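**Student:** My file is structure04.txt. It has compact mmCIF, C-alpha atoms:
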```txt
# COMPACT_ATOMS: atom_id res chain seq x y z
CA MET A 1 -43.08 7.63 14.39
CA SER A 2 -44.11 9.05 17.73
CA ASP A 3 -41.78 7.07 19.97
CA GLU A 4 -38.67 8.26 18.17
CA ARG A 5 -35.76 5.95 18.66
CA ILE A 6 -33.12 4.55 16.35
CA PRO A 7 -33.28 0.75 16.41
CA ILE A 8 -30.24 -1.23 17.44
CA LEU A 9 -30.09 -4.60 15.71
CA ARG A 10 -28.21 -7.40 17.36
CA MET A 11 -26.35 -9.87 15.15
CA GLY A 12 -24.40 -12.29 17.28
CA ASP A 13 -21.55 -10.40 18.94
CA TYR A 14 -22.18 -7.30 16.88
CA LEU A 15 -24.69 -4.51 16.85
CA LEU A 16 -25.93 -2.68 13.81
CA VAL A 17 -27.30 0.83 13.88
CA SER A 18 -28.69 2.19 10.64
CA ILE A 19 -29.12 5.94 10.75
CA GLN A 20 -31.83 7.09 8.37
CA VAL A 21 -33.42 10.10 9.96
CA ASP A 22 -32.21 13.58 10.65
CA MET A 23 -30.38 13.60 13.92
CA HIS A 24 -31.22 16.03 16.67
CA ASP A 25 -30.04 16.41 20.21
CA LYS A 26 -32.57 14.25 21.99
CA LEU A 27 -32.39 11.44 19.46
CA ALA A 28 -28.59 11.39 19.60
CA VAL A 29 -28.55 11.26 23.40
CA ARG A 30 -31.12 8.49 23.35
CA LEU A 31 -29.10 6.50 20.81
CA GLN A 32 -25.97 6.82 22.93
CA GLU A 33 -27.86 5.65 26.01
CA ASP A 34 -29.54 2.76 24.21
CA LEU A 35 -26.30 1.70 22.58
CA THR A 36 -24.14 1.71 25.72
CA GLU A 37 -26.96 -0.12 27.52
CA THR A 38 -27.13 -2.75 24.77
CA ILE A 39 -23.36 -3.21 24.56
CA SER A 40 -23.07 -3.79 28.27
CA ARG A 41 -26.14 -6.04 28.50
CA HIS A 42 -25.13 -8.31 25.64
CA VAL A 43 -21.34 -7.95 26.01
CA SER A 44 -21.26 -6.91 22.36
CA LYS A 45 -17.87 -6.84 20.72
CA GLY A 46 -18.51 -4.49 17.86
CA VAL A 47 -20.82 -1.79 16.62
CA MET A 48 -21.53 -1.02 12.98
CA ILE A 49 -23.03 2.36 12.21
CA ASP A 50 -24.57 2.41 8.77
CA ILE A 51 -24.91 5.85 7.22
CA SER A 52 -25.70 4.81 3.66
CA ALA A 53 -29.02 6.63 3.91
CA LEU A 54 -27.41 9.95 4.76
CA ASP A 55 -26.46 12.32 1.98
CA LEU A 56 -25.13 14.80 4.48
CA VAL A 57 -23.09 14.34 7.64
CA ASP A 58 -22.72 17.63 9.47
CA SER A 59 -20.46 18.37 12.40
CA PHE A 60 -23.21 17.39 14.84
CA VAL A 61 -23.58 13.90 13.41
CA GLY A 62 -19.81 13.64 12.99
CA ARG A 63 -19.32 14.42 16.66
CA MET A 64 -22.04 11.97 17.64
CA ILE A 65 -20.33 9.19 15.70
CA ALA A 66 -17.00 10.02 17.32
CA ASN A 67 -18.67 10.01 20.75
CA ILE A 68 -20.37 6.67 20.15
CA SER A 69 -17.07 5.21 19.03
CA ALA A 70 -15.32 6.51 22.16
CA MET A 71 -18.05 5.17 24.45
CA ALA A 72 -18.01 1.80 22.73
CA ARG A 73 -14.24 1.62 23.08
CA ILE A 74 -14.48 2.16 26.83
CA LEU A 75 -16.99 -0.67 26.95
CA ASP A 76 -14.53 -2.84 25.00
CA ALA A 77 -16.37 -2.77 21.67
CA LYS A 78 -15.00 -1.66 18.32
CA THR A 79 -16.90 0.69 16.07
CA VAL A 80 -16.96 0.58 12.30
CA LEU A 81 -18.70 3.18 10.20
CA VAL A 82 -20.19 1.65 7.07
CA GLY A 83 -21.86 2.76 3.87
CA MET A 84 -20.49 6.27 3.65
CA ARG A 85 -21.32 7.93 0.34
CA PRO A 86 -18.42 9.48 -1.57
CA ALA A 87 -19.94 12.96 -1.29
CA VAL A 88 -20.15 12.56 2.47
CA ALA A 89 -16.46 11.72 2.70
CA ILE A 90 -15.68 14.93 0.83
CA THR A 91 -17.87 17.03 3.11
CA LEU A 92 -16.40 15.47 6.23
CA VAL A 93 -12.86 16.32 5.26
CA GLU A 94 -13.91 19.80 4.17
CA LEU A 95 -15.50 20.29 7.58
CA GLY A 96 -12.24 19.20 9.18
CA LEU A 97 -13.88 16.08 10.60
CA SER A 98 -11.52 13.24 9.88
CA LEU A 99 -13.16 10.98 12.51
CA PRO A 100 -9.95 9.88 14.23
CA GLY A 101 -10.15 6.43 15.77
CA VAL A 102 -13.24 5.44 13.79
CA SER A 103 -12.71 2.58 11.34
CA THR A 104 -14.69 2.64 8.15
CA ALA A 105 -15.81 0.04 5.64
CA LEU A 106 -17.69 0.33 2.39
CA ASN A 107 -20.63 -1.83 3.39
CA VAL A 108 -22.02 -3.94 6.23
CA GLU A 109 -20.43 -7.09 4.95
CA ARG A 110 -16.94 -5.61 4.84
CA GLY A 111 -17.61 -3.91 8.15
CA MET A 112 -18.36 -7.24 9.72
CA ALA A 113 -15.20 -8.75 8.25
CA LEU A 114 -13.21 -5.81 9.60
CA LEU A 115 -14.70 -6.22 13.07
CA ARG A 116 -13.82 -9.90 13.07
CA LYS A 117 -10.26 -9.12 12.06
CA GLN A 118 -9.90 -6.36 14.65
CA LEU A 119 -11.36 -8.63 17.26
CA GLU A 120 -8.89 -11.41 16.52
CA ARG A 121 -6.05 -8.94 16.79
CA GLY A 122 -7.60 -7.41 19.91
CA GLU A 123 -7.86 -10.75 21.61
CA HIS A 124 -4.21 -11.43 20.99
CA ALA A 125 -3.41 -8.02 22.48
CA ASP A 126 -5.46 -8.89 25.55
CA GLU A 127 -3.59 -12.14 25.92
CA ARG A 128 -0.32 -10.27 25.81
CA HIS A 129 -1.59 -7.92 28.49
CA ALA A 130 -2.57 -10.88 30.59
CA GLN A 131 0.88 -12.39 30.53
CA MET B 1 -32.90 13.49 4.11
CA SER B 2 -33.56 14.86 0.64
CA ASP B 3 -32.79 11.78 -1.43
CA GLU B 4 -35.32 9.65 0.39
CA ARG B 5 -34.57 6.00 0.14
CA ILE B 6 -34.60 3.12 2.57
CA PRO B 7 -31.16 1.54 2.70
CA ILE B 8 -30.74 -2.12 1.88
CA LEU B 9 -27.88 -3.70 3.78
CA ARG B 10 -26.19 -6.75 2.39
CA MET B 11 -24.91 -9.40 4.76
CA GLY B 12 -23.61 -12.36 2.84
CA ASP B 13 -26.52 -14.11 1.17
CA TYR B 14 -29.06 -12.02 3.03
CA LEU B 15 -30.40 -8.52 2.82
CA LEU B 16 -31.55 -6.42 5.71
CA VAL B 17 -34.02 -3.61 5.41
CA SER B 18 -34.72 -1.59 8.51
CA ILE B 19 -37.85 0.50 8.21
CA GLN B 20 -37.71 3.53 10.44
CA VAL B 21 -39.58 6.24 8.66
CA ASP B 22 -43.21 6.74 7.80
CA MET B 23 -43.98 4.95 4.58
CA HIS B 24 -45.63 6.65 1.70
CA ASP B 25 -46.41 5.59 -1.83
CA LYS B 26 -43.25 6.76 -3.56
CA LEU B 27 -40.94 5.46 -0.88
CA ALA B 28 -42.64 2.05 -0.92
CA VAL B 29 -42.39 1.76 -4.70
CA ARG B 30 -38.75 2.78 -4.58
CA LEU B 31 -38.01 0.22 -1.88
CA GLN B 32 -39.66 -2.52 -3.94
CA GLU B 33 -37.64 -1.54 -6.99
CA ASP B 34 -34.37 -1.29 -5.08
CA LEU B 35 -34.97 -4.55 -3.30
CA THR B 36 -35.86 -6.63 -6.35
CA GLU B 37 -32.87 -5.07 -8.13
CA THR B 38 -30.55 -5.97 -5.26
CA ILE B 39 -31.89 -9.51 -4.91
CA SER B 40 -31.37 -10.23 -8.55
CA ARG B 41 -27.95 -8.54 -8.77
CA HIS B 42 -26.49 -10.33 -5.75
CA VAL B 43 -28.54 -13.52 -6.02
CA SER B 44 -29.62 -12.95 -2.43
CA LYS B 45 -31.30 -15.85 -0.71
CA GLY B 46 -33.19 -14.05 2.00
CA VAL B 47 -34.58 -10.70 3.01
CA MET B 48 -35.05 -9.54 6.57
CA ILE B 49 -37.40 -6.63 7.12
CA ASP B 50 -36.86 -5.07 10.51
CA ILE B 51 -39.81 -3.13 11.85
CA SER B 52 -38.64 -2.71 15.45
CA ALA B 53 -38.72 1.06 15.01
CA LEU B 54 -42.39 1.09 14.02
CA ASP B 55 -45.01 1.48 16.68
CA LEU B 56 -47.74 1.29 14.10
CA VAL B 57 -48.18 -0.88 11.04
CA ASP B 58 -51.19 0.19 9.06
CA SER B 59 -52.81 -1.62 6.16
CA PHE B 60 -50.58 0.25 3.67
CA VAL B 61 -47.36 -0.94 5.29
CA GLY B 62 -48.86 -4.38 5.83
CA ARG B 63 -49.66 -4.67 2.15
CA MET B 64 -46.20 -3.42 1.22
CA ILE B 65 -44.59 -6.10 3.35
CA ALA B 66 -46.81 -8.76 1.79
CA ASN B 67 -45.91 -7.46 -1.69
CA ILE B 68 -42.19 -7.44 -0.96
CA SER B 69 -42.44 -10.97 0.33
CA ALA B 70 -44.28 -12.11 -2.81
CA MET B 71 -41.77 -10.41 -5.11
CA ALA B 72 -38.85 -11.88 -3.20
CA ARG B 73 -40.41 -15.34 -3.43
CA ILE B 74 -40.65 -15.08 -7.20
CA LEU B 75 -36.97 -14.15 -7.23
CA ASP B 76 -36.26 -17.22 -5.10
CA ALA B 77 -35.58 -15.38 -1.87
CA LYS B 78 -37.30 -15.91 1.49
CA THR B 79 -38.60 -13.03 3.53
CA VAL B 80 -38.60 -12.83 7.31
CA LEU B 81 -40.19 -9.99 9.22
CA VAL B 82 -38.24 -9.23 12.38
CA GLY B 83 -38.56 -7.04 15.46
CA MET B 84 -42.32 -6.68 15.52
CA ARG B 85 -43.54 -5.01 18.70
CA PRO B 86 -46.29 -6.80 20.62
CA ALA B 87 -48.69 -3.88 20.10
CA VAL B 88 -48.12 -4.07 16.36
CA ALA B 89 -49.06 -7.74 16.30
CA ILE B 90 -52.32 -6.87 18.03
CA THR B 91 -53.12 -4.08 15.57
CA LEU B 92 -52.31 -6.26 12.57
CA VAL B 93 -54.71 -8.97 13.61
CA GLU B 94 -57.37 -6.42 14.47
CA LEU B 95 -56.94 -4.94 11.00
CA GLY B 96 -57.41 -8.41 9.55
CA LEU B 97 -53.84 -8.47 8.25
CA SER B 98 -52.43 -11.82 9.19
CA LEU B 99 -49.58 -11.53 6.66
CA PRO B 100 -50.00 -14.97 5.09
CA GLY B 101 -46.77 -16.43 3.77
CA VAL B 102 -44.57 -14.03 5.67
CA SER B 103 -42.36 -15.66 8.29
CA THR B 104 -41.61 -13.70 11.43
CA ALA B 105 -38.87 -13.78 14.03
CA LEU B 106 -38.39 -11.79 17.21
CA ASN B 107 -35.08 -10.22 16.23
CA VAL B 108 -32.48 -10.09 13.47
CA GLU B 109 -30.44 -12.86 14.98
CA ARG B 110 -33.34 -15.28 15.11
CA GLY B 111 -34.45 -14.09 11.70
CA MET B 112 -31.09 -15.03 10.27
CA ALA B 113 -31.25 -18.44 11.92
CA LEU B 114 -34.73 -18.95 10.49
CA LEU B 115 -33.56 -17.99 6.99
CA ARG B 116 -30.69 -20.46 7.24
CA LYS B 117 -33.06 -23.20 8.32
CA GLN B 118 -35.59 -22.40 5.60
CA LEU B 119 -32.81 -22.30 3.07
CA GLU B 120 -31.53 -25.71 4.03
CA ARG B 121 -35.03 -27.12 3.76
CA GLY B 122 -35.64 -25.20 0.55
CA GLU B 123 -32.52 -26.55 -1.07
CA HIS B 124 -33.62 -30.08 -0.30
CA ALA B 125 -36.99 -29.30 -1.83
CA ASP B 126 -35.25 -28.01 -4.97
CA GLU B 127 -33.24 -31.18 -5.17
CA ARG B 128 -36.40 -33.21 -5.00
CA HIS B 129 -37.85 -31.12 -7.81
CA ALA B 130 -34.73 -31.72 -9.84
CA GLN B 131 -35.03 -35.47 -9.55
```
As structure tokens, how would this structure be written, given the file I've shared?
**Tutor:**
Amino acid sequence: MSDERIPILRMGDYLLVSIQVDMHDKLAVRLQEDLTETISRHVSKGVMIDISALDLVDSFVGRMIANISAMARILDAKTVLVGMRPAVAITLVELGLSLPGVSTALNVERGMALLRKQLERGEHADERHAQ
Amino acid sequence: MSDERIPILRMGDYLLVSIQVDMHDKLAVRLQEDLTETISRHVSKGVMIDISALDLVDSFVGRMIANISAMARILDAKTVLVGMRPAVAITLVELGLSLPGVSTALNVERGMALLRKQLERGEHADERHAQ
């Protein structure tokens, strides 16, 4: 793949990013740009990051996921990390990366359910703010 | 990624496969095995193959897509190819690969809508067969 870029799939109000390749600086920056662009263009409400293809999540990828989640939050979108392998969870904790503020779900389906639930709650919170 | 494998994401009755890496023999065979396994285990009704990350679809990948579609059909699941870039469409036709029997949609969202529509029609067809 010459034009390296991680695809962002739109599914209604949600976006799905499936990370399958080794991350490096440029690719991560590009993903963050593309994702924030897409969230704001389509007023997306949630982002699912699928990492089921990764058998290793190092501190670089961990930080990238945390960054994406923070950016999405500012743009009023929730982030759910899906498909984490058990071994990856172990490594993450061993690396001291507990991914604060990032929700997780076992697979895309549960991730979508979680987003819906969070969104319902979030909307109520907004209504309270508006009063 | 050492344990090379293309992830299959389950979303309700549908499966989503996002192809982002260069295909080779082993990977293609593994994807076909994984996919048929997943279809039959979860009684999936549709498969979406996202190729938005590919800027080139050669005859090998074209054949793989056609094979997957044929296998899915035998297992009673529809296949929709989504996210094809305009340049890829041109190359495919120039290569003489018109992908007969494979439905296409511009993006995942439309792909899902197409699957739903095909499914509704398909179910009616089944009912007719049953009469």
**Student:** Hey, can you check how far atom CA of A:Ser98 sits from atom CA of A:Ser40?
**Tutor:**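 Calculated distance between atom CA of A:Ser98 and atom CA of A:Ser40 is 27.6 Å.
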**Student:** Write down, as a ChimeraX atom specification, each residue of chain A that has any atom within 12 Å of an atom of chain B, counting only C-alpha atoms.
**Tutor:** /A:1-23,48-57,82-85,106-113
**Student:** Measure the distance from atom CA of B:Ala28 to atom CA of B:Ile65 in Å and round it to one decimal.
**Tutor:**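 Separation of atom CA of B:Ala28 and atom CA of B:Ile65: 9.4 Å.
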**Student:** Can you tell me how far atom CA of B:Thr36 sits from atom CA of B:Ala77, in Å to one decimal?
**Tutor:**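 Going from atom CA of B:Thr36 over to atom CA of B:Ala77, I get 9.8 Å.
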**Student:** From the set A:Val61, A:Val93, A:Met71, A:Leu27, which residue has the shortest atom-to-atom contact distance to A:Ile39, counting only C-alpha atoms?
**Tutor:**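 Of the candidates, the smallest distance to A:Ile39 is held by A:Met71.
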**Student:** Can you tell me which residues surround A:Gly62 at a distance of at most 8 Å, considering all atoms listed in the file, apart from same-chain residues fewer than 4 positions away, and format the answer as a PyMOL selection string?
**Tutor:** chain A and resi 57-58+66+92+97+99
**Student:** Excluding B:Arg73 and its own-chain neighbours fewer than 6 positions away, which residues fall within 10 Å of it when counting only C-alpha atoms? Please give them as an MDAnalysis selection string.
**Tutor:** chainID B and resid 45:47 67 79 101
**Student:** For stretch 66-79 of chain B, supply N, CA, C and O atoms and format the output as an mmCIF file, in the coordinates of the input.
**Tutor:**
```
data_model
loop_
_atom_site.group_PDB
_atom_site.id
_atom_site.type_symbol
_atom_site.label_atom_id
_atom_site.label_comp_id
_atom_site.auth_asym_id
_atom_site.auth_seq_id
_atom_site.Cartn_x
_atom_site.Cartn_y
_atom_site.Cartn_z
ATOM 1 N N ALA B 66 -46.321 -7.575 2.496
ATOM 2 C CA ALA B 66 -46.810 -8.760 1.790
ATOM 3 C C ALA B 66 -46.341 -8.753 0.331
ATOM 4 O O ALA B 66 -45.924 -9.782 -0.210
ATOM 5 N N ASN B 67 -46.365 -7.585 -0.298
ATOM 6 C CA ASN B 67 -45.910 -7.460 -1.690
ATOM 7 C C ASN B 67 -44.420 -7.790 -1.819
ATOM 8 O O ASN B 67 -44.016 -8.530 -2.716
ATOM 9 N N ILE B 68 -43.634 -7.191 -0.927
ATOM 10 C CA ILE B 68 -42.190 -7.440 -0.960
ATOM 11 C C ILE B 68 -41.914 -8.928 -0.838
ATOM 12 O O ILE B 68 -41.107 -9.498 -1.566
ATOM 13 N N SER B 69 -42.630 -9.538 0.098
ATOM 14 C CA SER B 69 -42.440 -10.970 0.330
ATOM 15 C C SER B 69 -42.784 -11.780 -0.923
ATOM 16 O O SER B 69 -42.068 -12.726 -1.293
ATOM 17 N N ALA B 70 -43.863 -11.401 -1.593
ATOM 18 C CA ALA B 70 -44.280 -12.110 -2.810
ATOM 19 C C ALA B 70 -43.264 -11.919 -3.932
ATOM 20 O O ALA B 70 -42.909 -12.866 -4.636
ATOM 21 N N MET B 71 -42.784 -10.679 -4.074
ATOM 22 C CA MET B 71 -41.770 -10.410 -5.110
ATOM 23 C C MET B 71 -40.494 -11.186 -4.831
ATOM 24 O O MET B 71 -39.887 -11.766 -5.740
ATOM 25 N N ALA B 72 -40.079 -11.183 -3.573
ATOM 26 C CA ALA B 72 -38.850 -11.880 -3.200
ATOM 27 C C ALA B 72 -38.993 -13.375 -3.502
ATOM 28 O O ALA B 72 -38.077 -14.010 -4.024
ATOM 29 N N ARG B 73 -40.180 -13.908 -3.208
ATOM 30 C CA ARG B 73 -40.410 -15.340 -3.430
ATOM 31 C C ARG B 73 -40.235 -15.689 -4.904
ATOM 32 O O ARG B 73 -39.614 -16.691 -5.258
ATOM 33 N N ILE B 74 -40.770 -14.840 -5.766
ATOM 34 C CA ILE B 74 -40.650 -15.080 -7.200
ATOM 35 C C ILE B 74 -39.188 -15.066 -7.626
ATOM 36 O O ILE B 74 -38.768 -15.801 -8.516
ATOM 37 N N LEU B 75 -38.404 -14.225 -6.926
ATOM 38 C CA LEU B 75 -36.970 -14.150 -7.230
ATOM 39 C C LEU B 75 -36.184 -15.180 -6.427
ATOM 40 O O LEU B 75 -34.964 -15.078 -6.287
ATOM 41 N N ASP B 76 -36.889 -16.126 -5.841
ATOM 42 C CA ASP B 76 -36.260 -17.220 -5.100
ATOM 43 C C ASP B 76 -35.547 -16.760 -3.832
ATOM 44 O O ASP B 76 -34.470 -17.250 -3.488
ATOM 45 N N ALA B 77 -36.131 -15.805 -3.148
ATOM 46 C CA ALA B 77 -35.580 -15.380 -1.870
ATOM 47 C C ALA B 77 -36.688 -15.434 -0.807
ATOM 48 O O ALA B 77 -37.850 -15.150 -1.096
ATOM 49 N N LYS B 78 -36.323 -15.851 0.401
ATOM 50 C CA LYS B 78 -37.300 -15.910 1.490
ATOM 51 C C LYS B 78 -37.349 -14.580 2.214
ATOM 52 O O LYS B 78 -36.336 -13.874 2.290
ATOM 53 N N THR B 79 -38.489 -14.263 2.766
ATOM 54 C CA THR B 79 -38.600 -13.030 3.530
ATOM 55 C C THR B 79 -38.957 -13.346 4.977
ATOM 56 O O THR B 79 -39.806 -14.191 5.244
#
```
